[in-house]
>>> print(open('input_12.pdb').read())   # PDB, C-alpha atoms
ATOM      1  CA  MET A 826       0.000   0.000   0.000
ATOM      2  CA  SER A 827       1.489   3.344  -0.997
ATOM      3  CA  SER A 828       1.448   6.407   1.196
ATOM      4  CA  PRO A 829      -1.180   9.054   0.322
ATOM      5  CA  PHE A 830       1.701  11.557   0.337
ATOM      6  CA  HIS A 831       3.886   9.669  -2.158
ATOM      7  CA  VAL A 832       4.150  11.508  -5.475
ATOM      8  CA  PRO A 833       5.867   9.518  -8.250
ATOM      9  CA  ALA A 834       8.636  11.172 -10.281
ATOM     10  CA  GLY A 835       7.264  12.850 -13.400
ATOM     11  CA  SER A 836       3.980  13.813 -11.762
ATOM     12  CA  ARG A 837       2.832  16.953  -9.982
ATOM     13  CA  THR A 838       3.004  17.593  -6.236
ATOM     14  CA  PRO A 839      -0.124  18.954  -4.500
ATOM     15  CA  SER A 840       1.305  22.471  -4.973
ATOM     16  CA  GLY A 841       1.709  21.906  -8.722
ATOM     17  CA  VAL A 842       5.481  21.347  -8.895
ATOM     18  CA  VAL A 843       6.535  18.729 -11.451
ATOM     19  CA  LEU A 844       9.055  16.273 -10.022
ATOM     20  CA  PRO A 845      11.992  15.452 -12.332
ATOM     21  CA  THR A 846      11.888  11.922 -13.695
ATOM     22  CA  ASP A 847      15.637  11.436 -13.178
ATOM     23  CA  ILE A 848      15.751  12.279  -9.454
ATOM     24  CA  ASP A 849      17.135   9.485  -7.298
ATOM     25  CA  PRO A 850      15.748   8.505  -3.860
ATOM     26  CA  PHE A 851      18.750  10.069  -2.057
ATOM     27  CA  HIS A 852      17.705  13.519  -3.266
ATOM     28  CA  ARG A 853      14.034  13.084  -2.378
ATOM     29  CA  ARG A 854      14.531  12.734   1.354
ATOM     30  CA  LEU A 855      15.239  15.243   4.077
ATOM     31  CA  HIS A 856      18.528  14.999   5.958
ATOM     32  CA  ARG A 857      19.081  15.830   9.625
ATOM     33  CA  ILE A 858      22.573  16.805  10.708
ATOM     34  CA  ALA A 859      22.916  16.840  14.501
ATOM     35  CA  PRO A 860      25.592  19.018  16.144
ATOM     36  CA  ALA A 861      27.772  15.933  16.647
ATOM     37  CA  GLY A 862      27.655  15.346  12.863
ATOM     38  CA  LEU A 863      29.204  18.694  11.877
ATOM     39  CA  ILE A 864      32.458  18.292   9.927
ATOM     40  CA  GLY A 865      35.517  20.365  10.785
ATOM     41  CA  ASN A 866      37.475  19.189   7.752
ATOM     42  CA  THR A 867      36.825  22.277   5.624
ATOM     43  CA  THR A 868      38.934  25.200   4.461
ATOM     44  CA  GLN A 869      39.963  27.241   7.498
ATOM     45  CA  THR A 870      41.105  30.794   8.167
ATOM     46  CA  THR A 871      43.405  31.699  11.053
ATOM     47  CA  GLY A 872      41.491  33.010  14.088
ATOM     48  CA  MET A 873      38.251  31.184  13.369
ATOM     49  CA  ARG A 874      36.930  27.637  13.066
ATOM     50  CA  ARG A 875      34.426  26.599  10.386
ATOM     51  CA  VAL A 876      32.262  23.500  10.650
ATOM     52  CA  GLU A 877      30.249  22.120   7.747
ATOM     53  CA  ALA A 878      26.653  20.913   8.010
ATOM     54  CA  ILE A 879      24.995  21.037   4.569
ATOM     55  CA  SER A 880      27.133  20.481   1.453
ATOM     56  CA  GLY A 881      27.772  18.179  -1.467
ATOM     57  CA  LYS A 882      29.963  16.086   0.808
ATOM     58  CA  THR A 883      27.436  15.726   3.651
ATOM     59  CA  VAL A 884      24.028  15.504   1.962
ATOM     60  CA  GLY A 885      24.643  15.682  -1.785
ATOM     61  CA  ALA A 886      23.712  19.378  -2.070
ATOM     62  CA  ARG A 887      24.348  20.734  -5.556
ATOM     63  CA  ASN A 888      24.129  24.507  -5.019
ATOM     64  CA  LEU A 889      24.366  25.193  -1.307
ATOM     65  CA  TRP A 890      26.832  25.139   1.576
ATOM     66  CA  MET A 891      25.792  25.791   5.168
ATOM     67  CA  GLY A 892      27.644  25.603   8.428
ATOM     68  CA  GLN A 893      28.896  27.513  11.424
ATOM     69  CA  THR A 894      31.831  29.759  12.196
ATOM     70  CA  HIS A 895      33.252  30.139  15.689
ATOM     71  CA  VAL A 896      35.518  33.074  16.633
ATOM     72  CA  PRO A 897      36.979  32.842  20.161
ATOM     73  CA  ALA A 898      36.788  35.773  22.565
ATOM     74  CA  SER A 899      39.211  38.656  21.834
ATOM     75  CA  THR A 900      40.190  37.189  18.441
ATOM     76  CA  ASN A 901      40.272  38.450  14.849
ATOM     77  CA  SER A 902      40.212  36.173  11.833
ATOM     78  CA  ALA A 903      42.691  36.556   9.011
ATOM     79  CA  ASN A 904      41.559  38.458   5.911
ATOM     80  CA  HIS A 905      39.821  36.358   3.262
ATOM     81  CA  HIS A 906      37.095  36.235   0.596
ATOM     82  CA  HIS A 907      34.738  33.558  -0.729
ATOM     83  CA  GLY A 908      35.305  33.765  -4.481
ATOM     84  CA  ALA A 909      32.150  33.697  -6.589
ATOM     85  CA  SER A 910      30.013  32.590  -3.657
ATOM     86  CA  GLU A 911      27.443  34.857  -2.036
ATOM     87  CA  THR A 912      27.430  34.419   1.748
ATOM     88  CA  ALA A 913      24.564  34.941   4.180
ATOM     89  CA  ILE A 914      25.413  35.120   7.890
ATOM     90  CA  TYR A 915      23.111  34.812  10.904
ATOM     91  CA  VAL A 916      24.567  35.793  14.289
ATOM     92  CA  VAL A 917      23.696  33.168  16.916
ATOM     93  CA  SER A 918      25.776  34.426  19.860
ATOM     94  CA  GLY A 919      28.378  37.032  20.724
ATOM     95  CA  THR A 920      28.928  40.431  19.147
ATOM     96  CA  PRO A 921      31.093  39.843  16.082
ATOM     97  CA  ALA A 922      32.194  42.698  13.848
ATOM     98  CA  PHE A 923      32.647  42.276  10.108
ATOM     99  CA  VAL A 924      35.373  44.432   8.570
ATOM    100  CA  PHE A 925      35.687  45.170   4.834
ATOM    101  CA  LEU A 926      36.972  47.835   2.441
ATOM    102  CA  ASP A 927      34.108  50.058   1.281
ATOM    103  CA  LEU A 928      34.672  51.109  -2.343
ATOM    104  CA  GLU A 929      32.002  53.814  -2.614
ATOM    105  CA  GLY A 930      34.443  56.756  -2.533
ATOM    106  CA  ASP A 931      37.671  57.566  -4.362
ATOM    107  CA  GLU A 932      39.767  55.488  -1.963
ATOM    108  CA  PRO A 933      38.847  52.238  -0.203
ATOM    109  CA  VAL A 934      37.853  52.865   3.424
ATOM    110  CA  GLU A 935      38.045  50.187   6.124
ATOM    111  CA  THR A 936      34.496  49.803   7.417
ATOM    112  CA  ARG A 937      33.125  47.859  10.424
ATOM    113  CA  ILE A 938      29.671  46.376  10.807
ATOM    114  CA  GLU A 939      28.900  45.713  14.492
ATOM    115  CA  THR A 940      26.415  42.881  15.055
ATOM    116  CA  GLY A 941      24.651  40.941  17.778
ATOM    117  CA  PRO A 942      22.431  37.857  18.155
ATOM    118  CA  GLY A 943      19.606  37.830  15.620
ATOM    119  CA  ASP A 944      21.384  40.045  13.071
ATOM    120  CA  TYR A 945      21.968  39.010   9.459
ATOM    121  CA  VAL A 946      24.911  40.025   7.259
ATOM    122  CA  PHE A 947      25.255  39.630   3.472
ATOM    123  CA  VAL A 948      28.748  39.262   1.987
ATOM    124  CA  PRO A 949      28.790  39.704  -1.824
ATOM    125  CA  PRO A 950      31.130  37.557  -3.957
ATOM    126  CA  TRP A 951      34.849  38.384  -3.951
ATOM    127  CA  VAL A 952      34.646  40.964  -1.099
ATOM    128  CA  PRO A 953      37.783  40.811   1.090
ATOM    129  CA  HIS A 954      36.787  40.869   4.762
ATOM    130  CA  ARG A 955      37.532  39.539   8.242
ATOM    131  CA  GLU A 956      35.556  38.699  11.350
ATOM    132  CA  GLU A 957      36.484  40.213  14.696
ATOM    133  CA  ASN A 958      35.268  39.241  18.139
ATOM    134  CA  PRO A 959      36.007  42.128  20.510
ATOM    135  CA  ASP A 960      34.252  40.485  23.491
ATOM    136  CA  PRO A 961      36.825  39.351  26.067
ATOM    137  CA  ASP A 962      34.587  36.585  27.461
ATOM    138  CA  VAL A 963      32.107  35.269  24.858
ATOM    139  CA  GLU A 964      32.809  33.220  21.711
ATOM    140  CA  ALA A 965      31.028  34.535  18.611
ATOM    141  CA  VAL A 966      29.033  31.872  16.746
ATOM    142  CA  VAL A 967      27.374  32.488  13.383
ATOM    143  CA  VAL A 968      25.498  30.297  10.908
ATOM    144  CA  ILE A 969      26.651  30.687   7.315
ATOM    145  CA  ALA A 970      24.927  29.794   4.037
ATOM    146  CA  ARG A 971      26.696  30.042   0.685
ATOM    147  CA  THR A 972      25.532  29.765  -2.902
ATOM    148  CA  THR A 973      28.089  27.082  -3.703
ATOM    149  CA  GLN A 974      27.950  23.549  -2.344
ATOM    150  CA  GLU A 975      31.568  23.764  -1.225
ATOM    151  CA  ALA A 976      33.030  26.367   1.129
ATOM    152  CA  ILE A 977      35.182  28.602  -1.069
ATOM    153  CA  VAL A 978      37.769  30.367   1.097
ATOM    154  CA  VAL A 979      40.675  32.408  -0.264
ATOM    155  CA  ASN A 980      42.924  33.597   2.572
ATOM    156  CA  LEU A 981      44.639  36.965   2.002
ATOM    157  CA  ASP A 982      47.770  38.553   3.465
ATOM    158  CA  GLU A 983      45.995  41.880   3.929
ATOM    159  CA  LEU A 984      42.556  43.451   3.673
ATOM    160  CA  SER A 985      42.980  44.588   0.072
ATOM    161  CA  TRP A 986      41.261  44.451  -3.292
ATOM    162  CA  ASP A 987      44.651  44.114  -5.068
ATOM    163  CA  GLY A 988      44.354  41.194  -7.485
ATOM    164  CA  VAL A 989      40.786  40.320  -6.396
ATOM    165  CA  THR A 990      38.455  40.289  -9.407
ATOM    166  CA  PRO A 991      35.983  37.731 -10.709
ATOM    167  CA  ASP A 992      38.357  37.067 -13.621
ATOM    168  CA  ARG A 993      41.580  36.993 -11.596
ATOM    169  CA  PRO A 994      41.144  36.005  -7.918
ATOM    170  CA  ALA A 995      43.971  36.715  -5.457
TER     171      ALA A 995
END
>>> encode(input="input_12.pdb", output="structure tokens")
Amino acid sequence: MSSPFHVPAGSRTPSGVVLPTDIDPFHRRLHRIAPAGLIGNTTQTTGMRRVEAISGKTVGARNLWMGQTHVPASTNSANHHHGASETAIYVVSGTPAFVFLDLEGDEPVETRIETGPGDYVFVPPWVPHREENPDPDVEAVVVIARTTQEAIVVNLDELSWDGVTPDRPA
């Protein structure tokens, strides 16, 4: 006996979405990743620790990466960018600051965005930046989602746009 909620590939869901006929069962199920299942074997940047939850490696994602970043108390990360990937950040705990070079004037200006729990930050592709945790007692924890299924991280010697372009990354 089939479930009343089962919709065969090639037919329409109750909301009208047509399911692809070539989708395999692995990509039709939901995946739970418990905190103990987070993977620390991802590209790292000095001063912070990234852990991976949702990716091609963990759940077969094709266009998405999601995980956490932890910045210890009184610590700054190294400068870096995320290549062609857009990054969305949700602040879970702490008061991290995000530092980048604002290009709206004649000369780049180092700019800080101060955040707290519940805040969101958008990092466009290729933007050199760093995370800072000025709090002397509390670790900053953020959830990150990226538009690539792998965590693109390009570590930089300095907070600079020199050599950083979509055609020629640093």
>>> resolve_selection(input="input_12.pdb", expression="the PyMOL selection byres ((chain A and resi 982) around 8)", output="list in words")
Ala903, Asn904, Asn980, Leu981, Glu983 and Leu984 of chain A
>>> closest_residue(input="input_12.pdb", among="A:Arg937, A:His954, A:Arg887, A:Arg854", to="A:Arg971", atoms="all atoms listed in the file")
A:Arg887
>>> closest_residue(input="input_12.pdb", among="A:Gly872, A:Pro953, A:Gly892, A:Gly865", to="A:Leu928", atoms="all atoms listed in the file")
A:Pro953
>>> atom_distance(input="input_12.pdb", atom1="atom CA of A:Gly908", atom2="atom CA of A:Glu957")
20.3 Å
>>> residues_around(input="input_12.pdb", residues="A:Pro933", least_positions_apart="4", cutoff="9 Å", atoms="only C-alpha atoms", output="list in words")
Leu926, Asp927, Leu928, Glu929, Ser985 and Trp986 of chain A
>>> atom_distance(input="input_12.pdb", atom1="atom CA of A:Gly988", atom2="atom CA of A:Thr972")
22.5 Å
>>> residues_near_point(input="input_12.pdb", point="(25.4, 37.2, 1.1)", cutoff="10 Å", atoms="all atoms listed in the file", output="VMD selection string")
chain A and resid 910 to 914 945 to 950 969 to 972
>>> write_last_selection(input="input_12.pdb", atoms="C-alpha atoms", output="CSV table (one decimal), in the frame of the given file")
chain,number,residue,atom,x,y,z
A,910,SER,CA,30.0,32.6,-3.7
A,911,GLU,CA,27.4,34.9,-2.0
A,912,THR,CA,27.4,34.4,1.7
A,913,ALA,CA,24.6,34.9,4.2
A,914,ILE,CA,25.4,35.1,7.9
A,945,TYR,CA,22.0,39.0,9.5
A,946,VAL,CA,24.9,40.0,7.3
A,947,PHE,CA,25.3,39.6,3.5
A,948,VAL,CA,28.7,39.3,2.0
A,949,PRO,CA,28.8,39.7,-1.8
A,950,PRO,CA,31.1,37.6,-4.0
A,969,ILE,CA,26.7,30.7,7.3
A,970,ALA,CA,24.9,29.8,4.0
A,971,ARG,CA,26.7,30.0,0.7
A,972,THR,CA,25.5,29.8,-2.9
>>> residues_around(input="input_12.pdb", residues="stretch 875-879 of chain A", least_positions_apart="3", cutoff="8 Å", atoms="all atoms listed in the file", output="NGL selection string")
:A and (858 or 862-869 or 882-884 or 886 or 889-895 or 974)
>>> residues_around(input="input_12.pdb", residues="A:Ala898", least_positions_apart="2", cutoff="6 Å", atoms="all atoms listed in the file", output="ChimeraX atom specification")
/A:900,958,960-964
>>> atom_distance(input="input_12.pdb", atom1="atom CA of A:Gly919", atom2="atom CA of A:Ile977")
24.3 Å
>>> resolve_selection(input="input_12.pdb", expression="the PyMOL selection byres ((chain A and resi 939) around 10)", output="list in words")
Thr920, Pro921, Ala922, Phe923, Val924, Thr936, Arg937, Ile938, Thr940, Gly941, Asp944, Glu957, Asn958 and Pro959 of chain A
